[in-house]
Amino acid sequence: MLAAQGLATQTVAASLECQSPCARCALVSEAQPSHWLDAKQLAGCLDLKKIMPACQGALVLPLHPQEKPLGCCQLFYANAQQPSADLLTLLGAASALIGLSLLQSEQSRELLYATVMDERRLMAAEVHDSIAQNLVYMNMRLPLLREALAKPDQPRAQRYIDDLAQSLQGTQREVRELLMHYRSPFDPRGLRHALEELTGEFRMRSDCALEFHYEPGLPQLPAEQALQVFHIAQEGLANVIRHANAQHACLSLKVVRGCLELTLADNGKGVGDPPALTGTTHFGMGIMHERAQRLGAALSVSPQPGGGTLLRLLLPLELASTPSDDPGSCG
């Protein structure tokens, strides 16, 4: 029951326990705007007596928003007089609104489910291609360590012990980064504050000197878009720590020709041209490209002429809720 007027509390409670939906109530074709059931037709309803013993008729309205059948809305009457044509028109409009509301609720649930499953897929991929690879490496080193200890060969054993210790530390770091990535809430003050906190954490965890430049007056992005940009910057900075071996890096956010531009440049060992998007060392690049596709943005990762790597994300501001003053194309 969606609503009731003038019914006793016991009647409302009984309607919530209806376990025998009458098939006659659903006899509404898509071509019928409504269907009236008299007392004789309702006699087969097993729960009607406890819901409304004095019921003399029921009006059944279809719920078919956008030609998608979702069910029907049933109105029970204490008298046998059918509603007037004007009232039927009004009730038909009300049932259409109820149908649209149910459809939107169903679509929201489907969207939420798809989003959760997408994030779970990304999480599983990150675990598989980072932590799992380290565990496989350690599992391969253990037999060699046993063999070196059995001989005994102290130098080899010590080398394998050092390999295991280094891999274990790397795994611990990966777990910590995953927890931070998926449990840390996005800063409600916006993208600038979130990036400022991110760069502060980077400086504490790395010896690489990091600059952060943020152009004043940038348009406010919707929360979901800002979160994706933040995660791309987060993954880019994580790659600087893991792979770049850089002494200096610069993170910048500004507007360029109608696009929001995020860049991350470092003076490390650089990447291939183009960099690989598969494998354990560059798996984060694949994650970033997937996030860029969700945004409708362009992402490039390329070597710099003087050495190092340049990450560049271009998000057309026309895709954001707040348009840019510059309608020019990205470049």
# chains A, B, ... in the order shown; residues from 1 in each chain; ligands from 1
>>> residues_around(residues="Leu61 (chain A)", least_positions_apart="4", cutoff="7 Å", atoms="only C-alpha atoms", output="PyMOL selection string")
chain A and resi 33-35+72-74+92+95
>>> write_last_selection(atoms="C-alpha atoms", output="short mmCIF file (atom, residue, chain, number, x, y, z; two decimals), in the first residue's frame")
data_model
loop_
_atom_site.label_atom_id
_atom_site.label_comp_id
_atom_site.auth_asym_id
_atom_site.auth_seq_id
_atom_site.Cartn_x
_atom_site.Cartn_y
_atom_site.Cartn_z
CA PRO A 33 -5.80 3.05 -19.20
CA SER A 34 -7.72 1.49 -16.29
CA HIS A 35 -9.79 -1.52 -15.30
CA CYS A 72 -0.37 -1.92 -11.40
CA CYS A 73 -1.85 0.44 -8.83
CA GLN A 74 -5.01 -0.76 -7.09
CA GLY A 92 -4.39 8.11 -14.65
CA SER A 95 -0.48 6.52 -11.73
#
>>> select_by_dssp(residues="region 144-324 of chain A", states="strand (DSSP E or B)", output="PyMOL selection string")
chain A and resi 209-214+248-256+259-266+298-303+309-316
>>> atom_distance(atom1="CA of Ala297 (chain A)", atom2="CA of Asp118 (chain A)")
18.2 Å
>>> residues_around(residues="Ala298 (chain A)", least_positions_apart="4", cutoff="10 Å", atoms="only C-alpha atoms", output="list in words")
Glu261, His289, Ala292, Gln293, Arg312, Leu313, Leu314, Leu315, Pro316 and Cys330 of chain A
>>> write_last_selection(atoms="C-alpha atoms", output="PDB file, in the first residue's frame")
ATOM      1  CA  GLU A 261      44.165  20.460 -17.841  1.00  0.00           C
ATOM      2  CA  HIS A 289      42.964   5.482 -18.945  1.00  0.00           C
ATOM      3  CA  ALA A 292      39.676   9.153 -18.233  1.00  0.00           C
ATOM      4  CA  GLN A 293      37.215   7.291 -20.463  1.00  0.00           C
ATOM      5  CA  ARG A 312      48.461  15.150 -19.247  1.00  0.00           C
ATOM      6  CA  LEU A 313      44.692  14.964 -18.733  1.00  0.00           C
ATOM      7  CA  LEU A 314      42.340  17.178 -20.768  1.00  0.00           C
ATOM      8  CA  LEU A 315      38.691  17.357 -19.672  1.00  0.00           C
ATOM      9  CA  PRO A 316      36.400  19.468 -21.914  1.00  0.00           C
ATOM     10  CA  CYS A 330      41.119  21.466 -26.382  1.00  0.00           C
TER      11      CYS A 330
END
>>> select_by_dssp(residues="region 52-292 of chain A", states="alpha helix (DSSP H)", output="PyMOL selection string")
chain A and resi 85-126+132-150+154-183+191-205+223-239+283-292
>>> closest_residue(among="A:Ala209, A:Met204, A:Leu221, A:Leu191", to="Ala246 (chain A)", atoms="only C-alpha atoms")
A:Ala209
>>> closest_residue(among="A:Ala58, A:Ile98, A:Ala43, A:Ala85", to="Ala3 (chain A)", atoms="only C-alpha atoms")
A:Ile98
>>> residues_around(residues="region 194-201 of chain A", least_positions_apart="4", cutoff="9 Å", atoms="only C-alpha atoms", output="list in words")
Phe186, Asp187, Pro188, Arg189, Gly190, Arg205, Ser206, Leu210, Glu211, Phe212, Phe230, Ala233, Gln234, Leu237 and Leu251 of chain A
>>> write_last_selection(atoms="C-alpha atoms", output="short mmCIF file (atom, residue, chain, number, x, y, z; two decimals), in the first residue's frame")
data_model
loop_
_atom_site.label_atom_id
_atom_site.label_comp_id
_atom_site.auth_asym_id
_atom_site.auth_seq_id
_atom_site.Cartn_x
_atom_site.Cartn_y
_atom_site.Cartn_z
CA PHE A 186 37.06 12.74 -1.00
CA ASP A 187 37.57 16.18 0.52
CA PRO A 188 34.13 17.88 0.60
CA ARG A 189 35.82 21.27 0.12
CA GLY A 190 36.61 20.37 -3.49
CA ARG A 205 56.37 9.52 1.77
CA SER A 206 58.93 10.45 -0.87
CA LEU A 210 57.02 18.13 -5.52
CA GLU A 211 55.55 21.47 -6.66
CA PHE A 212 51.79 22.06 -6.89
CA PHE A 230 41.74 13.19 -8.06
CA ALA A 233 46.49 12.46 -9.99
CA GLN A 234 46.79 10.01 -7.08
CA LEU A 237 51.98 10.40 -8.06
CA LEU A 251 51.59 18.83 -10.46
#
>>> residues_around(residues="Ala238 (chain A)", least_positions_apart="3", cutoff="12 Å", atoms="only C-alpha atoms", output="PyMOL selection string")
chain A and resi 173-174+176-178+180-181+198-199+201-203+205-206+208+231-235+241-246+249+264+281-285+288
>>> write_last_selection(atoms="C-alpha atoms", output="compact mmCIF listing (two decimals), in the first residue's frame")
# COMPACT_ATOMS: atom_id res chain seq x y z
CA ARG A 173 53.24 -0.64 0.89
CA GLU A 174 50.80 -1.77 -1.82
CA ARG A 176 48.60 0.55 2.57
CA GLU A 177 48.12 2.43 -0.71
CA LEU A 178 45.03 0.41 -1.60
CA MET A 180 44.22 4.80 1.45
CA HIS A 181 42.86 4.77 -2.12
CA LEU A 198 47.50 14.49 -1.61
CA THR A 199 50.67 16.44 -2.36
CA GLU A 201 51.13 13.03 1.79
CA PHE A 202 53.42 12.59 -1.20
CA ARG A 203 56.08 14.85 0.32
CA ARG A 205 56.37 9.52 1.77
CA SER A 206 58.93 10.45 -0.87
CA CYS A 208 61.17 13.65 -4.51
CA HIS A 231 42.26 9.44 -8.50
CA ILE A 232 44.17 10.00 -11.76
CA ALA A 233 46.49 12.46 -9.99
CA GLN A 234 46.79 10.01 -7.08
CA GLU A 235 47.78 7.12 -9.37
CA ILE A 241 57.21 6.94 -6.24
CA ARG A 242 57.21 3.37 -7.57
CA HIS A 243 58.92 3.68 -10.93
CA ALA A 244 60.26 7.12 -11.82
CA ASN A 245 63.21 7.43 -9.41
CA ALA A 246 62.79 11.18 -9.83
CA ALA A 249 58.05 16.61 -9.97
CA LEU A 264 52.21 15.82 -13.79
CA THR A 281 55.06 -1.97 -13.85
CA HIS A 282 52.56 0.02 -15.90
CA PHE A 283 49.24 -1.39 -14.70
CA GLY A 284 48.37 1.95 -13.09
CA MET A 285 48.36 3.51 -16.57
CA MET A 288 44.09 5.93 -15.33
>>> closest_residue(among="A:Gln107, A:Gln228, A:Asp163, A:Pro155", to="Arg294 (chain A)", atoms="only C-alpha atoms")
A:Gln228
>>> closest_residue(among="A:Val127, A:Leu112, A:Ala13, A:Leu295", to="Leu227 (chain A)", atoms="only C-alpha atoms")
A:Leu295
>>> atom_distance(atom1="CA of Leu253 (chain A)", atom2="CA of Leu299 (chain A)")
14.0 Å
